[in-house]
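Trainee: Sending over a structure as structure tokens; questions will come in a sec.
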Number of protein chains: 2
Amino acid sequence: MIDQLDAVFGALADPTRRAILARLADGDRTVGELTAPFEVSQPAISRHLKVLERAGLVSRNRRATARLSHLEAEPLRTATEWLARYQAFWDESHERLDALLASLTRQLER
Amino acid sequence: MIDQLDAVFGALADPTRRAILARLADGDRTVGELTAPFEVSQPAISRHLKVLERAGLVSRNRRATARLSHLEAEPLRTATEWLARYQAFWDESHERLDALLASLTRQLER
DNA sequence: ATTCTTCATAACCACTCTGTTATGGAGTGA
DNA sequence: TCACTCCATAACAGAGTGGTTATGAAGAAT
């Protein structure tokens with residue numbers, strides 16, 4: 001993990017990897033479970049998982065013969081902190097980010 | 001701009017491009033001004049600018065023979081919104097994002 | 001022990017990315 | 001008009017990316 005932001009933003013740049021993260025947000029998954037919904041081969045998913053692991057976004061452990069992938073959100077926090085530096089530049093003409101986040105939080109809690 | 005998140009996260013994955021955005025946050029810059037601080041050639045910077053432009057992060061207009069690059073922060077907002085969906089996953093063991101952003105905002109105002 | 005399941009890895013291909021140098025176009029100013 | 005400045009683009013090289021198929025390692029189950 002030379003530069004964390006490089007790795008994290010790079011990992012997020014691929015739609016399949018973002019979809020994998022979305023599924024992991026619902027709970028840990030095996031490689032097989034992650035492969036099924038996508039129309040790519042299992043080795044392709046394995047490599048996406050390796051990219052996510054390098055970015056620190058996924059950790060893995062064995063369960064019997066399967067390998068469970070687990071979402072690690074901390075790097076997303078780091079990425080958000082970086083983006084927050086630019087908050088002022090879109091704030092001017094729009095609602096504030098904290099208001100936005102509050103509304104999103106309310107949505108999630110509902 | 002097929003998929004905005006692809007383009008934005010892809011653009012942010014490069015440290016030179018993030019540094020360019022940081023300089024543009026201080027005000028519009030010509031290509032020459034953006035090239036000087038980095039140890040890469042002018043054509044390389046021109047192509048970075050093109051990537052940023054495709055992602056909607058930079059707009060450009062002429063001033064005499066120069067071309068001014070201008071920061072467009074809206075796509076960063078989009079990226080932040082996407083990341084906010086994962087806020088709950090790092091919230092559990094850390095301060096809340098809105099508190100973090102508030103503290104960052106205070107820092108900027110100071 | 002053997003077989004089955006799960007997953008990783010290797011080998012390959014096509015394409016993209018980041019950088020270079022060389023060059024030329026477009027606008028400015030003398 | 002001519003020269004100069006600023007920048008874009010073309011052509012190229014090397015590394016990386018994302019996909020494939022083929023294969024094998026390792027644990028589980030019979």
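Every chain in the structure tokens takes a letter, A first, then B, and so on in the order presented; its residues are numbered from 1, and the ligands are numbered from 1 following the presented order.
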With 6 Å as the cut-off and only C-alpha atoms counted, what is the closest atom pair between each nearby residue of chain A and chain B? Distances in Å to one decimal, ordered by chain and number, as JSON lines.
Mentor:
{"residue": "A:Asp6", "atom": "CA", "partner": "B:Ala13", "partner_atom": "CA", "distance": 4.6}
{"residue": "A:Phe9", "atom": "CA", "partner": "B:Ala13", "partner_atom": "CA", "distance": 4.7}
{"residue": "A:Gly10", "atom": "CA", "partner": "B:Ala13", "partner_atom": "CA", "distance": 4.8}
{"residue": "A:Ala13", "atom": "CA", "partner": "B:Asp6", "partner_atom": "CA", "distance": 4.7}
{"residue": "A:Ala73", "atom": "CA", "partner": "B:Trp90", "partner_atom": "CA", "distance": 5.5}
{"residue": "A:Glu74", "atom": "CA", "partner": "B:Trp90", "partner_atom": "CA", "distance": 5.8}
{"residue": "A:Phe89", "atom": "CA", "partner": "B:Ala73", "partner_atom": "CA", "distance": 5.7}
{"residue": "A:Trp90", "atom": "CA", "partner": "B:Ala73", "partner_atom": "CA", "distance": 5.5}
{"residue": "A:Asp98", "atom": "CA", "partner": "B:Asp98", "partner_atom": "CA", "distance": 5.6}
Trainee: How would the residues just picked look written out with all heavy atoms as a PDB file, in the first residue's frame?
Mentor:
ATOM      1  N   ASP A   6      -4.017   6.697  -3.798  1.00  0.00           N
ATOM      2  CA  ASP A   6      -3.892   6.078  -5.119  1.00  0.00           C
ATOM      3  C   ASP A   6      -4.657   4.764  -5.155  1.00  0.00           C
ATOM      4  O   ASP A   6      -5.478   4.530  -6.044  1.00  0.00           O
ATOM      5  CB  ASP A   6      -2.422   5.779  -5.441  1.00  0.00           C
ATOM      6  CG  ASP A   6      -1.666   7.022  -5.881  1.00  0.00           C
ATOM      7  OD1 ASP A   6      -2.155   8.139  -5.617  1.00  0.00           O
ATOM      8  OD2 ASP A   6      -0.585   6.858  -6.469  1.00  0.00           O
ATOM      9  N   PHE A   9      -8.700   5.262  -4.465  1.00  0.00           N
ATOM     10  CA  PHE A   9      -9.427   5.836  -5.605  1.00  0.00           C
ATOM     11  C   PHE A   9      -9.317   4.914  -6.819  1.00  0.00           C
ATOM     12  O   PHE A   9     -10.280   4.770  -7.587  1.00  0.00           O
ATOM     13  CB  PHE A   9      -8.903   7.236  -5.923  1.00  0.00           C
ATOM     14  CG  PHE A   9      -9.382   8.298  -4.957  1.00  0.00           C
ATOM     15  CD1 PHE A   9      -8.485   9.186  -4.384  1.00  0.00           C
ATOM     16  CD2 PHE A   9     -10.729   8.398  -4.626  1.00  0.00           C
ATOM     17  CE1 PHE A   9      -8.927  10.173  -3.494  1.00  0.00           C
ATOM     18  CE2 PHE A   9     -11.176   9.372  -3.740  1.00  0.00           C
ATOM     19  CZ  PHE A   9     -10.269  10.258  -3.172  1.00  0.00           C
ATOM     20  N   GLY A  10      -8.165   4.308  -7.007  1.00  0.00           N
ATOM     21  CA  GLY A  10      -8.009   3.362  -8.099  1.00  0.00           C
ATOM     22  C   GLY A  10      -8.964   2.185  -7.965  1.00  0.00           C
ATOM     23  O   GLY A  10      -9.584   1.760  -8.944  1.00  0.00           O
ATOM     24  N   ALA A  13     -12.503   3.106  -8.882  1.00  0.00           N
ATOM     25  CA  ALA A  13     -12.721   3.530 -10.262  1.00  0.00           C
ATOM     26  C   ALA A  13     -13.390   2.450 -11.109  1.00  0.00           C
ATOM     27  O   ALA A  13     -13.805   2.719 -12.234  1.00  0.00           O
ATOM     28  CB  ALA A  13     -11.391   3.946 -10.902  1.00  0.00           C
ATOM     29  N   ALA A  73     -14.107  -0.339   6.045  1.00  0.00           N
ATOM     30  CA  ALA A  73     -14.530   0.966   5.543  1.00  0.00           C
ATOM     31  C   ALA A  73     -13.542   2.088   5.846  1.00  0.00           C
ATOM     32  O   ALA A  73     -13.662   3.180   5.290  1.00  0.00           O
ATOM     33  CB  ALA A  73     -15.903   1.320   6.101  1.00  0.00           C
ATOM     34  N   GLU A  74     -12.579   1.830   6.686  1.00  0.00           N
ATOM     35  CA  GLU A  74     -11.687   2.912   7.115  1.00  0.00           C
ATOM     36  C   GLU A  74     -11.068   3.683   5.949  1.00  0.00           C
ATOM     37  O   GLU A  74     -11.035   4.922   5.969  1.00  0.00           O
ATOM     38  CB  GLU A  74     -10.601   2.348   8.035  1.00  0.00           C
ATOM     39  CG  GLU A  74      -9.716   3.400   8.683  1.00  0.00           C
ATOM     40  CD  GLU A  74     -10.496   4.356   9.586  1.00  0.00           C
ATOM     41  OE1 GLU A  74     -11.547   3.948  10.119  1.00  0.00           O
ATOM     42  OE2 GLU A  74     -10.065   5.510   9.730  1.00  0.00           O
ATOM     43  N   PHE A  89     -15.948  24.389  -2.233  1.00  0.00           N
ATOM     44  CA  PHE A  89     -16.059  24.748  -3.639  1.00  0.00           C
ATOM     45  C   PHE A  89     -17.379  24.341  -4.260  1.00  0.00           C
ATOM     46  O   PHE A  89     -17.710  24.801  -5.336  1.00  0.00           O
ATOM     47  CB  PHE A  89     -14.892  24.161  -4.441  1.00  0.00           C
ATOM     48  CG  PHE A  89     -13.595  24.802  -4.088  1.00  0.00           C
ATOM     49  CD1 PHE A  89     -12.806  24.280  -3.070  1.00  0.00           C
ATOM     50  CD2 PHE A  89     -13.178  25.955  -4.739  1.00  0.00           C
ATOM     51  CE1 PHE A  89     -11.615  24.890  -2.731  1.00  0.00           C
ATOM     52  CE2 PHE A  89     -11.988  26.554  -4.397  1.00  0.00           C
ATOM     53  CZ  PHE A  89     -11.208  26.026  -3.389  1.00  0.00           C
ATOM     54  N   TRP A  90     -18.083  23.429  -3.610  1.00  0.00           N
ATOM     55  CA  TRP A  90     -19.422  23.183  -4.128  1.00  0.00           C
ATOM     56  C   TRP A  90     -20.486  23.716  -3.173  1.00  0.00           C
ATOM     57  O   TRP A  90     -21.638  23.853  -3.520  1.00  0.00           O
ATOM     58  CB  TRP A  90     -19.660  21.702  -4.448  1.00  0.00           C
ATOM     59  CG  TRP A  90     -19.760  20.787  -3.277  1.00  0.00           C
ATOM     60  CD1 TRP A  90     -20.789  20.701  -2.401  1.00  0.00           C
ATOM     61  CD2 TRP A  90     -18.815  19.788  -2.874  1.00  0.00           C
ATOM     62  NE1 TRP A  90     -20.542  19.734  -1.472  1.00  0.00           N
ATOM     63  CE2 TRP A  90     -19.346  19.141  -1.740  1.00  0.00           C
ATOM     64  CE3 TRP A  90     -17.588  19.360  -3.386  1.00  0.00           C
ATOM     65  CZ2 TRP A  90     -18.683  18.107  -1.088  1.00  0.00           C
ATOM     66  CZ3 TRP A  90     -16.934  18.336  -2.740  1.00  0.00           C
ATOM     67  CH2 TRP A  90     -17.465  17.724  -1.601  1.00  0.00           C
ATOM     68  N   ASP A  98     -22.950  18.797   5.301  1.00  0.00           N
ATOM     69  CA  ASP A  98     -23.434  18.201   6.559  1.00  0.00           C
ATOM     70  C   ASP A  98     -24.951  18.045   6.527  1.00  0.00           C
ATOM     71  O   ASP A  98     -25.490  17.056   7.018  1.00  0.00           O
ATOM     72  CB  ASP A  98     -22.961  18.993   7.792  1.00  0.00           C
ATOM     73  CG  ASP A  98     -23.225  20.483   7.646  1.00  0.00           C
ATOM     74  OD1 ASP A  98     -23.929  20.865   6.695  1.00  0.00           O
ATOM     75  OD2 ASP A  98     -22.732  21.245   8.480  1.00  0.00           O
TER      76      ASP A  98
END
Trainee: Where does DSSP see strand (DSSP E or B) in region 35-103 of chain B, if you list the residues as a PyMOL selection string?
Mentor: chain B and resi 58-63+66-71
Trainee: Set the cut-off to 9 Å and count only C-alpha atoms (C1' of nucleotides): what are the residues of chain C that reach chain A? Output as a VMD selection string.
Mentor: chain C and resid 5 to 9
Trainee: Store the residues picked out above in a file with N, CA, C and O atoms (P, O5', C5', C4', C3', O3' and C1' of nucleotides), as an mmCIF file, in the first residue's frame.
Mentor:
data_model
loop_
_atom_site.group_PDB
_atom_site.id
_atom_site.type_symbol
_atom_site.label_atom_id
_atom_site.label_comp_id
_atom_site.auth_asym_id
_atom_site.auth_seq_id
_atom_site.Cartn_x
_atom_site.Cartn_y
_atom_site.Cartn_z
ATOM 1 P P DT C 5 -19.102 -31.102 -6.265
ATOM 2 O "O5'" DT C 5 -18.563 -29.931 -5.329
ATOM 3 C "C5'" DT C 5 -18.649 -30.078 -3.927
ATOM 4 C "C4'" DT C 5 -17.986 -28.894 -3.246
ATOM 5 C "C3'" DT C 5 -18.166 -27.562 -3.972
ATOM 6 O "O3'" DT C 5 -18.431 -26.577 -3.002
ATOM 7 C "C1'" DT C 5 -15.854 -28.011 -3.697
ATOM 8 P P DT C 6 -18.785 -25.055 -3.441
ATOM 9 O "O5'" DT C 6 -17.415 -24.279 -3.189
ATOM 10 C "C5'" DT C 6 -16.837 -24.315 -1.895
ATOM 11 C "C4'" DT C 6 -15.507 -23.603 -1.951
ATOM 12 C "C3'" DT C 6 -15.524 -22.288 -2.732
ATOM 13 O "O3'" DT C 6 -15.091 -21.262 -1.871
ATOM 14 C "C1'" DT C 6 -13.707 -23.644 -3.392
ATOM 15 P P DC C 7 -15.249 -19.721 -2.282
ATOM 16 O "O5'" DC C 7 -13.821 -19.415 -2.892
ATOM 17 C "C5'" DC C 7 -12.691 -19.575 -2.019
ATOM 18 C "C4'" DC C 7 -11.439 -19.733 -2.828
ATOM 19 C "C3'" DC C 7 -11.060 -18.537 -3.693
ATOM 20 O "O3'" DC C 7 -10.086 -17.801 -2.977
ATOM 21 C "C1'" DC C 7 -10.556 -20.664 -4.717
ATOM 22 P P DA C 8 -9.323 -16.562 -3.570
ATOM 23 O "O5'" DA C 8 -8.007 -17.217 -4.192
ATOM 24 C "C5'" DA C 8 -7.195 -18.043 -3.372
ATOM 25 C "C4'" DA C 8 -5.921 -18.439 -4.107
ATOM 26 C "C3'" DA C 8 -5.198 -17.290 -4.796
ATOM 27 O "O3'" DA C 8 -3.806 -17.489 -4.644
ATOM 28 C "C1'" DA C 8 -5.854 -18.912 -6.413
ATOM 29 P P DT C 9 -2.775 -16.362 -5.107
ATOM 30 O "O5'" DT C 9 -2.157 -16.992 -6.435
ATOM 31 C "C5'" DT C 9 -1.854 -18.374 -6.469
ATOM 32 C "C4'" DT C 9 -1.513 -18.799 -7.883
ATOM 33 C "C3'" DT C 9 -0.808 -17.728 -8.726
ATOM 34 O "O3'" DT C 9 0.289 -18.345 -9.338
ATOM 35 C "C1'" DT C 9 -2.616 -18.618 -9.907
#
Trainee: Looking only at the backbone, which of the residues in region 32-66 of chain B does DSSP tag as helix (DSSP H, G or I), as a ChimeraX atom specification?
Mentor: /B:32-35,42-54
Trainee: Using only C-alpha atoms (C1' of nucleotides), which chain D residues lie at most 8 Å away from chain A, written as a ChimeraX atom specification?
Mentor: /D:18-19,26-28
